[in-house]
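Here the structure is laid out as structure tokens; the discussion comes afterwards.
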Protein chains: 2
Amino acid sequence: MSIRKGRSATISDVAESAGVSRAAVSKVIRNAYGVSPGMRERVEDAIARLGYRPSVAARALRGSSYRLGLETPHVNARFMTQIVEGAKRAVTGTPYQIILAPADGPEYGTLESLADGLVDGIIAVSPLVDQAWLEDLAKRVPVVMLGRHDTPRGYDTVIGDDHAGARAVMRHLLGLGHRRIAHLTEPEPVTAPGSGTPHAIRLEVYRACMTEAGLTGHIQIARRTANAASAQSAAAELLARPDPPTAIFAGHDDMAVDALAAAARTATGRRVAIAGYDNTDLAAHPLIDLTSVDQQGVEMGAQAATMLLERLQGRTEPRSYVATTELRIRASTTAAALG
Amino acid sequence: MSIRKGRSATISDVAESAGVSRAAVSKVIRNAYGVSPGMRERVEDAIARLGYRPSVAARALRGSSYRLGLETPHVNARFMTQIVEGAKRAVTGTPYQIILAPADGPEYGTLESLADGLVDGIIAVSPLVDQAWLEDLAKRVPVVMLGRHDTPRGYDTVIGDDHAGARAVMRHLLGLGHRRIAHLTEPEPVTAPGSGTPHAIRLEVYRACMTEAGLTGHIQIARRTANAASAQSAAAELLARPDPPTAIFAGHDDMAVDALAAAARTATGRRVAIAGYDNTDLAAHPLIDLTSVDQQGVEMGAQAATMLLERLQGRTEPRSYVATTELRIRASTTAAALG
DNA sequence: AGCGCGATGGAGAACGGTCTACAGTGAGGC
DNA sequence: GCCTCACTGTAGACCGTTCTCCATCGCGCT
């Protein structure tokens with residue numbers, strides 16, 4: 001009963017205080033079989049009296065930490081809020097909690113540090129890690145990858161229908177009569193053909209749509225620079241070209257918002273149609289009013305967490321969830337006069 | 001050497017593979033005293049060969065997890081990105097990592113679950129927890145509170161100079177000739193007088209400035225509703241009053257951005273001067289162009305993490321860091337014609 | 001030769017839980 | 001009266017580290 005100063009009560013303290021064994025206390029807190037009502041009551045009293053809380057570290061060492069780790073890349077932060085929201089919703093009512101691990105630079109490091117026994121499962125938004133490496137990781141801890149268009153082996157995936165979403169954007173812009181449509185996207189490695197990232201597919205669809213429309217000559221691609229979070233300068237450079245685009249399809253809303261800024265900053269305050277992706281909450285703001293693709297980020301986050309919980313229940317065969325997309329047309333494309 | 005399928009290598013595996021004891025391996029990975037160059041090399045070889053990574057859970061159980069927990073409230077998310085950025089920067093080059101714990105509802109739960117042996121220190125943005133409870137928490141694990149204007153005992157605090165910041169906003173708005181200035185703030189408990197929250201102080205300064213200017217009769221306070229993240233409806237209600245304000249001082253940028261939306265949505269698209277707080281990156285966007293108070297969020301986050309590291313080094317006397325503020329005047333206040 | 005000493009490596013006890021195997025106990029069936 | 005059995009509760013190993021002794025060894029010194 002005498003707890004050392006500044007230390008929390010342990011299961012031994014509770015056991016001593018309740019006059020039972022540690023194993024008995026463990027049974028009570030785990031709702032395990034073989035506990036008489038009388039003992040349950042005594043133990044619960046002792047727990048309340050001492051303010052006992054089980055040590056996550058000790059639990060994790062033996063079995064589960066009851067924490068799910070969500071790796072959040074620094075870019076595209078606004079979309080992540082949807083994912084987090086959904087994941088939190090999915091674990092409500094379960095003993096599990098979501099913790100976030102901000103990825104500084106190389107995703108490998110963040111993922112590994114999550115896997116170092118801290119969490120029972122990982123949701124990652126790191127499309128660039130090697131598949132073999134990922135399979136290896138998934139052998140140790142359940143993994144759900146967000147936005148990875150490959151055939152998952154050992155892990156699960158949650159993706160949006162990037163083909164449909166990107167095509168909807170392009171059809172919309174082409175339907176408005178735009179011909180000089182540019183694509184604003186992520187730095188090179190993220191869009192490498194065949195890498196299976198959402199941005200690679202959106203770029204690929206952009207190219208395909210331009211080609212189908214006979215606009216191969218008007219294909220223009222601008223990229224956010226790797227070290228700057230903002231895509232403003234990339235967009236500005238695009239608008240300053242001799243033959244500037246009349247429309248920009250941005251790879252996600254954060255870049256689209258940056259493009260809006262770049263357009264607003266031009267000397268003439270040029271009206272250029274701008275579309276984004278993810279339908280983040282800022283897109284609906286009347287001063288931004290951004291046409292964007294809703295890919296149900298919240299639902300994606302919830303599905304990802306649910307899949308992890310299923311794995312922890314014992315599922316072993318891989319699953320994939322594909323979120324449907326819907327184009328939200330707003331003033332950022334419709335109000336721009338076609339130059 | 002034979003590692004069970006799907007499990008990571010343990011320190012024992014490394015020890016066996018290198019032909020040394022577990023203690024020796026531990027010494028090597030901790031850079032402890034008493035390691036010969038020869039042994040170091042053999043152990044490091046074995047570590048590389050097996051891809052060994054120490055278990056965080058086991059480390060945490062014995063001593064340190066090398067993780068610092070940052071509790072992030074769901075509201076005012078954009079300000080949090082600054083804090084996270086700063087905290088990450090401060091731990092760069094140390095063995096520590098930042099993990100984020102999104103607070104769902106009651107802060108007590110999130111903080112306790114962080115304190116359950118998961119992290120070596122806690123940065124919290126939960127001004128509403130009871131001081132005695134907090135002191136108790138701080139006895140078990142180092143705690144830095146962000147935005148808590150009390151005299152810390154046992155924990156540290158990082159705050160902005162809310163008196164100066166709020167006064168700068170009010171002086172600015174009054175200087176522009178506004179008389180009907182409203183304050184848009186957080187729900188009731190967060191602004192309770194004497195609670196020492198930033199929002200309580202900003203509200204208090206608002207009242208004081210209005211009173212000093214002889215505008216007691218024009219004091220109008222609107223609050224975000226507790227269950228809605230957005231302050232749009234609160235701002236809309238404000239603008240629909242019979243005697244609507246010509247200026248709104250919003251408690252932070254997210255609410256200010258909501259107020260901008262509400263103003264833009266009015267039938268007349270009313271021009272109302274709007275000022276925020278925190279100078280989030282969106283404030284500088286030309287389509288938002290929000291007057292706001294820069295309180296050096298990144299520096300606050302960095303200071304908070306640094307203070308934790310100091311505590312972990314052994315510091316025991318409490319410290320407080322007060323960030324200076326600077327008003328960034330933008331079009332959201334200067335472009336509005338005074339009604 | 002005997003001694004002290006710094007340098008090196010190891011043995012083994014924690015840390016706080018979980019979980020398996022087992023002991024005790026009282027009731028019921030024969 | 002004895003055996004079986006369901007039900008409770010406990011003992012003790014184990015998870016993967018850290019860390020405090022402790023043993024050993026080579027070496028210089030008296």
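Each chain of the structure tokens is named A, B, ... in the order shown, its residues numbered from 1; ligands are numbered from 1 in display order.
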
Q) Mind listing as a PyMOL selection string which residues of chain D are within 12 Å of chain B, counting only C-alpha atoms (C1' of nucleotides)? A) chain D and resi 15-20

Q | Pro187 in chain A surroundings by only C-alpha atoms (C1' of nucleotides), 6 Å radius, close-in-sequence under 4 positions cut, as a list in words | A | Arg223, Arg224 and Ala226 of chain A

Using N, CA and C atoms, can you export the residues from the last selection as an mmCIF file, in the first residue's frame?
data_model
loop_
_atom_site.group_PDB
_atom_site.id
_atom_site.type_symbol
_atom_site.label_atom_id
_atom_site.label_comp_id
_atom_site.auth_asym_id
_atom_site.auth_seq_id
_atom_site.Cartn_x
_atom_site.Cartn_y
_atom_site.Cartn_z
ATOM 1 N N ARG A 223 5.872 21.056 -60.408
ATOM 2 C CA ARG A 223 6.007 20.286 -59.170
ATOM 3 C C ARG A 223 6.379 21.183 -58.006
ATOM 4 N N ARG A 224 5.761 20.909 -56.902
ATOM 5 C CA ARG A 224 6.193 21.487 -55.642
ATOM 6 C C ARG A 224 7.655 21.102 -55.426
ATOM 7 N N ALA A 226 10.898 19.963 -53.424
ATOM 8 C CA ALA A 226 10.942 18.956 -52.371
ATOM 9 C C ALA A 226 11.070 19.551 -50.973
#

Q: Excluding Gly34 in chain B and any residue of its chain fewer than 4 positions from it, enumerate the residues within 12 Å of it, using only C-alpha atoms (C1' of nucleotides), and give them as a ChimeraX atom specification.
A: /B:23-28,30,38-40 /C:6-9

Please identify all polymer residues within 8 Å of Val143 in chain B, counting only C-alpha atoms (C1' of nucleotides), omitting same-chain residues fewer than 5 positions from it, and present them as a compact mmCIF listing (two decimals) with N, CA and C atoms, in the first residue's frame.
# COMPACT_ATOMS: atom_id res chain seq x y z
N GLY B 121 7.79 12.30 -21.30
CA GLY B 121 7.39 13.66 -20.96
C GLY B 121 6.18 14.05 -21.77
N ILE B 122 5.46 15.04 -21.28
CA ILE B 122 4.20 15.42 -21.90
C ILE B 122 4.15 16.92 -22.15
N ILE B 123 3.76 17.27 -23.36
CA ILE B 123 3.41 18.65 -23.67
C ILE B 123 1.91 18.67 -23.87
N ALA B 124 1.22 19.50 -23.14
CA ALA B 124 -0.23 19.49 -23.22
C ALA B 124 -0.78 20.88 -23.48
N LEU B 137 0.10 14.80 -11.63
CA LEU B 137 0.59 14.20 -12.87
C LEU B 137 2.07 14.49 -13.04
N ALA B 138 2.44 15.74 -12.76
CA ALA B 138 3.82 16.15 -12.97
C ALA B 138 4.78 15.45 -12.03
N TYR B 155 5.45 21.63 -12.70
CA TYR B 155 5.48 21.55 -14.16
C TYR B 155 6.00 22.87 -14.72
N ASP B 156 6.15 22.94 -16.03
CA ASP B 156 6.61 24.16 -16.68
C ASP B 156 5.49 24.71 -17.56
N LEU B 308 11.16 20.07 -21.65
CA LEU B 308 11.03 18.67 -21.28
C LEU B 308 12.39 18.00 -21.25

Q.
If DSSP is run on the backbone, what residues of range 19-119 of chain A are alpha helix (DSSP H)? A reply as a PyMOL selection string would be ideal.
A. chain A and resi 22-30+37-50+56-62+77-91+107-115

Save the residues we just selected, C-alpha atoms, as a PDB file, in the first residue's frame?
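Contents of the output file again16.pdb:
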ATOM      1  CA  ARG A  22      -1.359 -10.063  -8.782  1.00  0.00           C
ATOM      2  CA  ALA A  23      -2.863 -12.616 -11.105  1.00  0.00           C
ATOM      3  CA  ALA A  24      -6.274 -12.002  -9.594  1.00  0.00           C
ATOM      4  CA  VAL A  25      -5.995  -8.272 -10.193  1.00  0.00           C
ATOM      5  CA  SER A  26      -4.900  -8.938 -13.728  1.00  0.00           C
ATOM      6  CA  LYS A  27      -7.968 -11.066 -14.289  1.00  0.00           C
ATOM      7  CA  VAL A  28     -10.250  -8.352 -13.006  1.00  0.00           C
ATOM      8  CA  ILE A  29      -8.829  -5.605 -15.164  1.00  0.00           C
ATOM      9  CA  ARG A  30      -8.898  -7.829 -18.227  1.00  0.00           C
ATOM     10  CA  PRO A  37     -18.198 -11.158  -7.563  1.00  0.00           C
ATOM     11  CA  GLY A  38     -16.709 -10.677  -4.141  1.00  0.00           C
ATOM     12  CA  MET A  39     -13.172 -10.563  -5.371  1.00  0.00           C
ATOM     13  CA  ARG A  40     -14.098  -8.335  -8.256  1.00  0.00           C
ATOM     14  CA  GLU A  41     -15.549  -5.837  -5.858  1.00  0.00           C
ATOM     15  CA  ARG A  42     -12.589  -5.840  -3.507  1.00  0.00           C
ATOM     16  CA  VAL A  43     -10.169  -5.430  -6.376  1.00  0.00           C
ATOM     17  CA  GLU A  44     -12.152  -2.675  -8.002  1.00  0.00           C
ATOM     18  CA  ASP A  45     -12.289  -0.866  -4.699  1.00  0.00           C
ATOM     19  CA  ALA A  46      -8.547  -1.087  -4.361  1.00  0.00           C
ATOM     20  CA  ILE A  47      -8.062   0.108  -7.926  1.00  0.00           C
ATOM     21  CA  ALA A  48     -10.239   3.135  -7.295  1.00  0.00           C
ATOM     22  CA  ARG A  49      -8.619   3.798  -3.945  1.00  0.00           C
ATOM     23  CA  LEU A  50      -5.107   3.800  -5.369  1.00  0.00           C
ATOM     24  CA  VAL A  56       1.176   0.497 -21.191  1.00  0.00           C
ATOM     25  CA  ALA A  57       4.834  -0.384 -21.414  1.00  0.00           C
ATOM     26  CA  ALA A  58       4.473  -3.512 -19.339  1.00  0.00           C
ATOM     27  CA  ARG A  59       1.406  -4.579 -21.250  1.00  0.00           C
ATOM     28  CA  ALA A  60       3.080  -3.956 -24.564  1.00  0.00           C
ATOM     29  CA  LEU A  61       6.059  -6.002 -23.520  1.00  0.00           C
ATOM     30  CA  ARG A  62       3.895  -9.011 -22.791  1.00  0.00           C
ATOM     31  CA  ALA A  77      -1.826  18.016 -43.718  1.00  0.00           C
ATOM     32  CA  ARG A  78      -5.405  19.077 -44.237  1.00  0.00           C
ATOM     33  CA  PHE A  79      -6.358  15.730 -45.715  1.00  0.00           C
ATOM     34  CA  MET A  80      -4.832  14.000 -42.718  1.00  0.00           C
ATOM     35  CA  THR A  81      -7.334  15.626 -40.390  1.00  0.00           C
ATOM     36  CA  GLN A  82     -10.050  13.656 -42.160  1.00  0.00           C
ATOM     37  CA  ILE A  83      -8.113  10.430 -41.811  1.00  0.00           C
ATOM     38  CA  VAL A  84      -7.442  11.040 -38.142  1.00  0.00           C
ATOM     39  CA  GLU A  85     -11.064  11.901 -37.559  1.00  0.00           C
ATOM     40  CA  GLY A  86     -12.217   8.653 -39.140  1.00  0.00           C
ATOM     41  CA  ALA A  87      -9.660   6.525 -37.347  1.00  0.00           C
ATOM     42  CA  LYS A  88     -10.596   8.020 -34.005  1.00  0.00           C
ATOM     43  CA  ARG A  89     -14.234   7.356 -34.727  1.00  0.00           C
ATOM     44  CA  ALA A  90     -13.544   3.730 -35.565  1.00  0.00           C
ATOM     45  CA  VAL A  91     -11.783   2.975 -32.286  1.00  0.00           C
ATOM     46  CA  GLU A 107       9.267   7.319 -43.831  1.00  0.00           C
ATOM     47  CA  TYR A 108      11.229   4.192 -43.026  1.00  0.00           C
ATOM     48  CA  GLY A 109      12.442   5.693 -39.803  1.00  0.00           C
ATOM     49  CA  THR A 110       9.062   6.777 -38.561  1.00  0.00           C
ATOM     50  CA  LEU A 111       7.468   3.469 -39.408  1.00  0.00           C
ATOM     51  CA  GLU A 112      10.208   1.476 -37.784  1.00  0.00           C
ATOM     52  CA  SER A 113      10.094   3.528 -34.654  1.00  0.00           C
ATOM     53  CA  LEU A 114       6.358   2.904 -34.498  1.00  0.00           C
ATOM     54  CA  ALA A 115       6.922  -0.782 -34.993  1.00  0.00           C
TER      55      ALA A 115
END

**Q.** For Ile201 in chain A: contacts at 8 Å, only C-alpha atoms (C1' of nucleotides), fewer than 4 positions along chain excluded, given as a ChimeraX atom specification
**A.** /A:162-163,191,193,196-197,205

Take the selection from the previous step and output its residues with C-alpha atoms, as an mmCIF file, in the first residue's frame.
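Contents of result_18.cif, as written:
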data_model
loop_
_atom_site.group_PDB
_atom_site.id
_atom_site.type_symbol
_atom_site.label_atom_id
_atom_site.label_comp_id
_atom_site.auth_asym_id
_atom_site.auth_seq_id
_atom_site.Cartn_x
_atom_site.Cartn_y
_atom_site.Cartn_z
ATOM 1 C CA ASP A 162 -7.933 7.933 -58.162
ATOM 2 C CA HIS A 163 -8.637 6.978 -61.752
ATOM 3 C CA THR A 191 4.832 10.433 -58.985
ATOM 4 C CA PRO A 193 5.162 5.839 -63.095
ATOM 5 C CA GLY A 196 1.272 3.115 -57.499
ATOM 6 C CA THR A 197 0.946 6.319 -55.526
ATOM 7 C CA VAL A 205 -4.803 10.138 -65.873
#

Report as JSON lines the residues of chain C within 10 Å of chain A, each with its shortest atom pair and distance in Å (one decimal), using only C-alpha atoms (C1' of nucleotides), ordered by chain and increasing residue number.
{"residue": "C:DC15", "atom": "C1'", "partner": "A:Ala58", "partner_atom": "CA", "distance": 8.0}
{"residue": "C:DG16", "atom": "C1'", "partner": "A:Ala58", "partner_atom": "CA", "distance": 5.1}
{"residue": "C:DG17", "atom": "C1'", "partner": "A:Ala58", "partner_atom": "CA", "distance": 4.8}
{"residue": "C:DT18", "atom": "C1'", "partner": "A:Arg62", "partner_atom": "CA", "distance": 6.2}
{"residue": "C:DC19", "atom": "C1'", "partner": "A:Ala23", "partner_atom": "CA", "distance": 8.8}

Q) If you run DSSP on the backbone, which residues of range 67-279 of chain A are strand (DSSP E), as a ChimeraX atom specification? A) /A:67-72,97-102,121-124,143-146,156-160,181-185,220-223,247-250,273-275

**Q.** For CA of Tyr321 in chain A and CA of Gln303 in chain A, the interatomic separation in Å (one decimal)
**A.**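 For CA of Tyr321 in chain A relative to CA of Gln303 in chain A, the distance reads 7.4 Å.
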
**Q.** Contacts of Ala273 in chain B at 8 Å (only C-alpha atoms (C1' of nucleotides); same-chain gap of 6+ positions) as an MDAnalysis selection string
**A.** chainID B and resid 246:248 332:336

Could you turn the residues from that selection into a file that holds C-alpha atoms, as a short mmCIF file (atom, residue, chain, number, x, y, z; two decimals), in the first residue's frame?
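Generated output (selection_18.cif):
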data_model
loop_
_atom_site.label_atom_id
_atom_site.label_comp_id
_atom_site.auth_asym_id
_atom_site.auth_seq_id
_atom_site.Cartn_x
_atom_site.Cartn_y
_atom_site.Cartn_z
CA THR B 246 -18.42 46.48 -37.66
CA ALA B 247 -15.45 44.55 -36.38
CA ILE B 248 -14.90 41.10 -34.92
CA SER B 332 -9.15 41.70 -43.36
CA THR B 333 -9.20 44.73 -41.13
CA THR B 334 -7.80 47.49 -43.30
CA ALA B 335 -9.87 46.85 -46.43
CA ALA B 336 -13.21 46.88 -44.68
#

Q: Tell me which protein, DNA and RNA residues are within 7 Å of Ala261 in chain A, counting only C-alpha atoms (C1' of nucleotides), leaving out same-chain ones fewer than 2 positions away, and put them as a list of chain:residue names.
A: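 Listed by chain and then number, they are A:Gln232, A:Val257, A:Asp258, A:Ala259, A:Ala263, A:Ala264, A:Arg265, B:His285, B:Pro286, B:Leu287.
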
Restricting the output to N, CA and C atoms, write the selected residues as a PDB file, in the first residue's frame.
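Result saved to result-v3.pdb:
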ATOM      1  N   GLN A 232       3.298  27.314 -53.864  1.00  0.00           N
ATOM      2  CA  GLN A 232       3.024  28.629 -54.444  1.00  0.00           C
ATOM      3  C   GLN A 232       4.008  28.996 -55.544  1.00  0.00           C
ATOM      4  N   VAL A 257      -4.835  25.292 -52.988  1.00  0.00           N
ATOM      5  CA  VAL A 257      -4.951  26.540 -52.237  1.00  0.00           C
ATOM      6  C   VAL A 257      -3.715  27.401 -52.478  1.00  0.00           C
ATOM      7  N   ASP A 258      -2.561  26.763 -52.563  1.00  0.00           N
ATOM      8  CA  ASP A 258      -1.345  27.499 -52.894  1.00  0.00           C
ATOM      9  C   ASP A 258      -1.442  28.091 -54.296  1.00  0.00           C
ATOM     10  N   ALA A 259      -2.018  27.335 -55.207  1.00  0.00           N
ATOM     11  CA  ALA A 259      -2.173  27.827 -56.577  1.00  0.00           C
ATOM     12  C   ALA A 259      -3.121  29.020 -56.608  1.00  0.00           C
ATOM     13  N   ALA A 263      -2.162  32.638 -58.048  1.00  0.00           N
ATOM     14  CA  ALA A 263      -2.972  33.331 -59.057  1.00  0.00           C
ATOM     15  C   ALA A 263      -3.385  34.703 -58.549  1.00  0.00           C
ATOM     16  N   ALA A 264      -3.778  34.759 -57.284  1.00  0.00           N
ATOM     17  CA  ALA A 264      -4.219  36.035 -56.727  1.00  0.00           C
ATOM     18  C   ALA A 264      -3.076  37.033 -56.655  1.00  0.00           C
ATOM     19  N   ARG A 265      -1.859  36.535 -56.564  1.00  0.00           N
ATOM     20  CA  ARG A 265      -0.712  37.422 -56.422  1.00  0.00           C
ATOM     21  C   ARG A 265      -0.178  37.931 -57.752  1.00  0.00           C
TER      22      ARG A 265
ATOM     23  N   HIS B 285      -2.527  33.997 -46.653  1.00  0.00           N
ATOM     24  CA  HIS B 285      -3.059  33.698 -47.981  1.00  0.00           C
ATOM     25  C   HIS B 285      -3.788  34.929 -48.528  1.00  0.00           C
ATOM     26  N   PRO B 286      -3.501  35.312 -49.762  1.00  0.00           N
ATOM     27  CA  PRO B 286      -4.088  36.554 -50.283  1.00  0.00           C
ATOM     28  C   PRO B 286      -5.615  36.553 -50.306  1.00  0.00           C
ATOM     29  N   LEU B 287      -6.239  35.396 -50.396  1.00  0.00           N
ATOM     30  CA  LEU B 287      -7.701  35.364 -50.413  1.00  0.00           C
ATOM     31  C   LEU B 287      -8.288  35.427 -49.001  1.00  0.00           C
TER      32      LEU B 287
END

Q: Compare A:Asp161, A:Glu188, A:Glu212, A:Asp289 by their minimum atom-to-atom distance to chain B, counting only C-alpha atoms, and give me the closest one.
A: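 Of A:Asp161, A:Glu188, A:Glu212, A:Asp289, the one nearest chain B, counting only C-alpha atoms, is A:Asp289.
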